[in-house]
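Some notes on the structure that comes next.
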Amino acid sequence: MKEYYHRRAAEYDETSYRAAEAEEVAELAQLRDVIGALPLSRTLDVACGTAFLTRFLHGEIVGLDQSEEMLRLARKRMPRARFVRGDAIPLPFPDDSFERVFTSNFYGHLEPPLRRRFLAEARRVAPELVVVDCAWAPGRVPEGLEERTLRDGSRWAIHKCYFTPDVLLGELGGGDLLFHGPTFVAVRTSWS
């Protein structure tokens, strides 16, 4: 998976946040507004990628990603933020280092045992978690392997889970629905 994201960095924004239709453009604008409305906090963005959504967070921001190429692009986008190369499980930070963990388009790539481990890590470093991921739609397989082809022609089998708000909130142990559109769902939970 690390090599996949390293190779995908240059095309990540275009393929993860493409907005070809007017409805998709409006959905991304609404999602941006929801993220931008989160209270100012010391936030860790896990698997921040190119910082496409990270840039809308307010406060002291630390972005974490395992791909140096993704981080290179993130640093260009947000030169004042701090970015760290590392893995999400375990998180390379002490207990209670942040006020919020934020993650987008990461949680749904984890298989269930890794999702549980990630939640334990998020709980360890912050009292609040915000997850943005892909919304389930009728006719879509909720979870399984998907084949992805990059511009360089390489093919990859990637685990992907699509969430309804209820399923995602259930996995997190409850919380608040922040956003639900045709493409994305965003929820917040707290453990304090």
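Residue numbering restarts at 1 in every chain; chains get A, B, ... in the order shown in the structure tokens, and ligands count up from 1 in that same order.
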
Would you write out, as CSV, a table of all residues in region 71-139 of chain A that have an atom no more than 9 Å from an atom of region 156-164 of chain A, listing for each the closest atom pair and the distance in Å to one decimal, considering only C-alpha atoms and ordering rows by chain and rising residue number?
residue,atom,partner,partner_atom,distance
A:Tyr107,CA,A:Cys161,CA,8.2
A:Gly108,CA,A:Cys161,CA,4.6
A:His109,CA,A:Lys160,CA,4.7
A:Leu110,CA,A:His159,CA,6.8
A:Glu111,CA,A:His159,CA,7.0
A:Asp133,CA,A:Phe163,CA,7.4
A:Cys134,CA,A:Tyr162,CA,5.2
A:Ala135,CA,A:Phe163,CA,4.9
A:Trp136,CA,A:Tyr162,CA,4.6
A:Ala137,CA,A:Tyr162,CA,8.0

Dump as a short mmCIF file (atom, residue, chain, number, x, y, z; two decimals), in the first residue's frame, selection limited to C-alpha atoms:
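The result, stored in selection_37.cif:
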data_model
loop_
_atom_site.label_atom_id
_atom_site.label_comp_id
_atom_site.auth_asym_id
_atom_site.auth_seq_id
_atom_site.Cartn_x
_atom_site.Cartn_y
_atom_site.Cartn_z
CA TYR A 107 -10.32 4.86 7.55
CA GLY A 108 -12.20 3.12 4.73
CA HIS A 109 -8.97 1.56 3.42
CA LEU A 110 -8.45 -0.34 6.65
CA GLU A 111 -9.78 -3.83 7.18
CA ASP A 133 -14.68 8.95 4.05
CA CYS A 134 -16.59 7.64 1.06
CA ALA A 135 -20.35 7.32 1.31
CA TRP A 136 -22.11 4.10 0.43
CA ALA A 137 -24.65 4.28 -2.40
#

Using DSSP on the backbone coordinates, identify the residues of region 47-190 of chain A assigned to helix (DSSP H, G or I); present them as an MDAnalysis selection string. chainID A and resid 54:56 68:77 107:109 112:125 165:172

Tell me which protein, DNA and RNA residues are within 8 Å of region 166-180 of chain A, counting only C-alpha atoms, leaving out same-chain ones fewer than 6 positions away, and put them as a list in words.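 Contacts, with the query itself left out: Leu31, Val34, Leu119, Ala135, Ala186, Val187, Arg188, Thr189 and Ser190 of chain A.
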
Check the smallest atom-to-atom distance from each of A:Asp87, A:Glu27, A:Asp96, A:Glu3 to Thr43 (chain A) using only C-alpha atoms, then report the winner. A:Asp96

When you look at Phe118 (chain A) with a cut-off of 8 Å (counting only C-alpha atoms), what residues show up, excluding the ones that are within fewer than 5 positions of it in the same chain? I need them as a PyMOL selection string. chain A and resi 88-90

Would you write out those residues with C-alpha atoms, as a compact mmCIF listing (two decimals), in the first residue's frame?
# COMPACT_ATOMS: atom_id res chain seq x y z
CA ALA A 88 -0.84 5.50 11.50
CA ILE A 89 -0.72 2.28 13.49
CA PRO A 90 0.79 2.88 15.92

Given only C-alpha atoms as the counted atoms, nearest of A:Asp33, A:Lys2, A:Ala10, A:Ser67 to Arg151 (chain A): A:Ala10

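The space between CA of Leu44 (chain A) and CA of Val62 (chain A) spans 4.9 Å.
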
Arg32 (chain A): which residues within 12 Å, counting only C-alpha atoms, same-chain residues fewer than 2 positions away excluded, as a count of residues only? 25

Could you list, as a PyMOL selection string, every residue within 10 Å of Ala81 (chain A), counting only C-alpha atoms and ignoring same-chain residues fewer than 4 positions away? chain A and resi 51+54-55+59-63+74-77

To one decimal place, how far is CA of Leu73 (chain A) from CA of Thr50 (chain A) in Å?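 CA of Thr50 (chain A) lies 5.2 Å from CA of Leu73 (chain A).
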
From the DSSP assignment of the backbone, select every residue of chain A that is strand (DSSP E), and format the answer as a PyMOL selection string. chain A and resi 43-46+61-65+82-85+100-104+128-134+143-149+155-161+176-180+184-190

For C-alpha atoms, I'd like the residues from the last selection saved as a PDB file, in the first residue's frame.
ATOM      1  CA  THR A  43      -5.232  18.675  15.284  1.00  0.00           C
ATOM      2  CA  LEU A  44      -3.424  15.632  13.942  1.00  0.00           C
ATOM      3  CA  ASP A  45      -4.449  14.810  10.374  1.00  0.00           C
ATOM      4  CA  VAL A  46      -3.706  11.107   9.922  1.00  0.00           C
ATOM      5  CA  ILE A  61      -2.068  21.379  12.465  1.00  0.00           C
ATOM      6  CA  VAL A  62       0.228  18.367  12.252  1.00  0.00           C
ATOM      7  CA  GLY A  63      -0.104  16.204   9.162  1.00  0.00           C
ATOM      8  CA  LEU A  64       1.033  12.571   9.225  1.00  0.00           C
ATOM      9  CA  ASP A  65       1.551  10.421   6.154  1.00  0.00           C
ATOM     10  CA  ARG A  82       4.097  20.669  10.486  1.00  0.00           C
ATOM     11  CA  PHE A  83       4.267  17.405   8.565  1.00  0.00           C
ATOM     12  CA  VAL A  84       5.646  14.118   9.841  1.00  0.00           C
ATOM     13  CA  ARG A  85       6.443  10.980   7.907  1.00  0.00           C
ATOM     14  CA  ARG A 100      -8.508  16.257  17.700  1.00  0.00           C
ATOM     15  CA  VAL A 101      -7.564  13.528  15.248  1.00  0.00           C
ATOM     16  CA  PHE A 102      -8.839  14.163  11.734  1.00  0.00           C
ATOM     17  CA  THR A 103      -8.634  11.714   8.862  1.00  0.00           C
ATOM     18  CA  SER A 104     -10.043  11.689   5.349  1.00  0.00           C
ATOM     19  CA  GLU A 128     -12.012  13.759  19.574  1.00  0.00           C
ATOM     20  CA  LEU A 129     -11.976  12.082  16.164  1.00  0.00           C
ATOM     21  CA  VAL A 130     -13.362  13.394  12.868  1.00  0.00           C
ATOM     22  CA  VAL A 131     -13.581  10.905   9.997  1.00  0.00           C
ATOM     23  CA  VAL A 132     -14.319  11.886   6.403  1.00  0.00           C
ATOM     24  CA  ASP A 133     -14.683   8.950   4.054  1.00  0.00           C
ATOM     25  CA  CYS A 134     -16.591   7.636   1.064  1.00  0.00           C
ATOM     26  CA  GLU A 143     -16.554  -3.449   1.500  1.00  0.00           C
ATOM     27  CA  GLY A 144     -13.955  -5.434  -0.388  1.00  0.00           C
ATOM     28  CA  LEU A 145     -11.036  -5.267  -2.766  1.00  0.00           C
ATOM     29  CA  GLU A 146     -11.092  -2.810  -5.657  1.00  0.00           C
ATOM     30  CA  GLU A 147      -8.684  -2.703  -8.540  1.00  0.00           C
ATOM     31  CA  ARG A 148      -7.088   0.674  -9.180  1.00  0.00           C
ATOM     32  CA  THR A 149      -5.008   1.599 -12.203  1.00  0.00           C
ATOM     33  CA  ARG A 155      -2.538  -1.973 -11.198  1.00  0.00           C
ATOM     34  CA  TRP A 156      -3.243  -2.325  -7.507  1.00  0.00           C
ATOM     35  CA  ALA A 157      -5.742  -4.229  -5.359  1.00  0.00           C
ATOM     36  CA  ILE A 158      -6.920  -1.863  -2.614  1.00  0.00           C
ATOM     37  CA  HIS A 159      -9.211  -2.613   0.320  1.00  0.00           C
ATOM     38  CA  LYS A 160     -12.114  -0.138   0.372  1.00  0.00           C
ATOM     39  CA  CYS A 161     -15.120   0.318   2.632  1.00  0.00           C
ATOM     40  CA  ASP A 176     -22.431  13.366  15.418  1.00  0.00           C
ATOM     41  CA  LEU A 177     -23.085  13.360  11.713  1.00  0.00           C
ATOM     42  CA  LEU A 178     -21.354  16.416  10.256  1.00  0.00           C
ATOM     43  CA  PHE A 179     -22.015  15.834   6.569  1.00  0.00           C
ATOM     44  CA  HIS A 180     -23.579  13.278   4.239  1.00  0.00           C
ATOM     45  CA  PHE A 184     -18.648  11.730   1.188  1.00  0.00           C
ATOM     46  CA  VAL A 185     -19.722  11.210   4.766  1.00  0.00           C
ATOM     47  CA  ALA A 186     -18.181  13.050   7.732  1.00  0.00           C
ATOM     48  CA  VAL A 187     -18.720  12.223  11.397  1.00  0.00           C
ATOM     49  CA  ARG A 188     -17.304  13.311  14.741  1.00  0.00           C
ATOM     50  CA  THR A 189     -16.986  11.342  17.964  1.00  0.00           C
ATOM     51  CA  SER A 190     -15.457  12.175  21.303  1.00  0.00           C
TER      52      SER A 190
END

Suppose you want the space between CA of Tyr4 (chain A) and CA of Gly49 (chain A); what is it in Å? 12.3 Å

Point out the residue among A:Ala47, A:Glu68, A:Leu91, A:Arg117 with the least atom-to-atom distance to Asn105 (chain A), counting only C-alpha atoms.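 Nearest to Asn105 (chain A): A:Ala47.
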
Write out as an NGL selection string which residues come within 10 Å of Pro94 (chain A) when counting only C-alpha atoms, dropping same-chain ones fewer than 3 positions away. :A and (91 or 97-98 or 124-126)
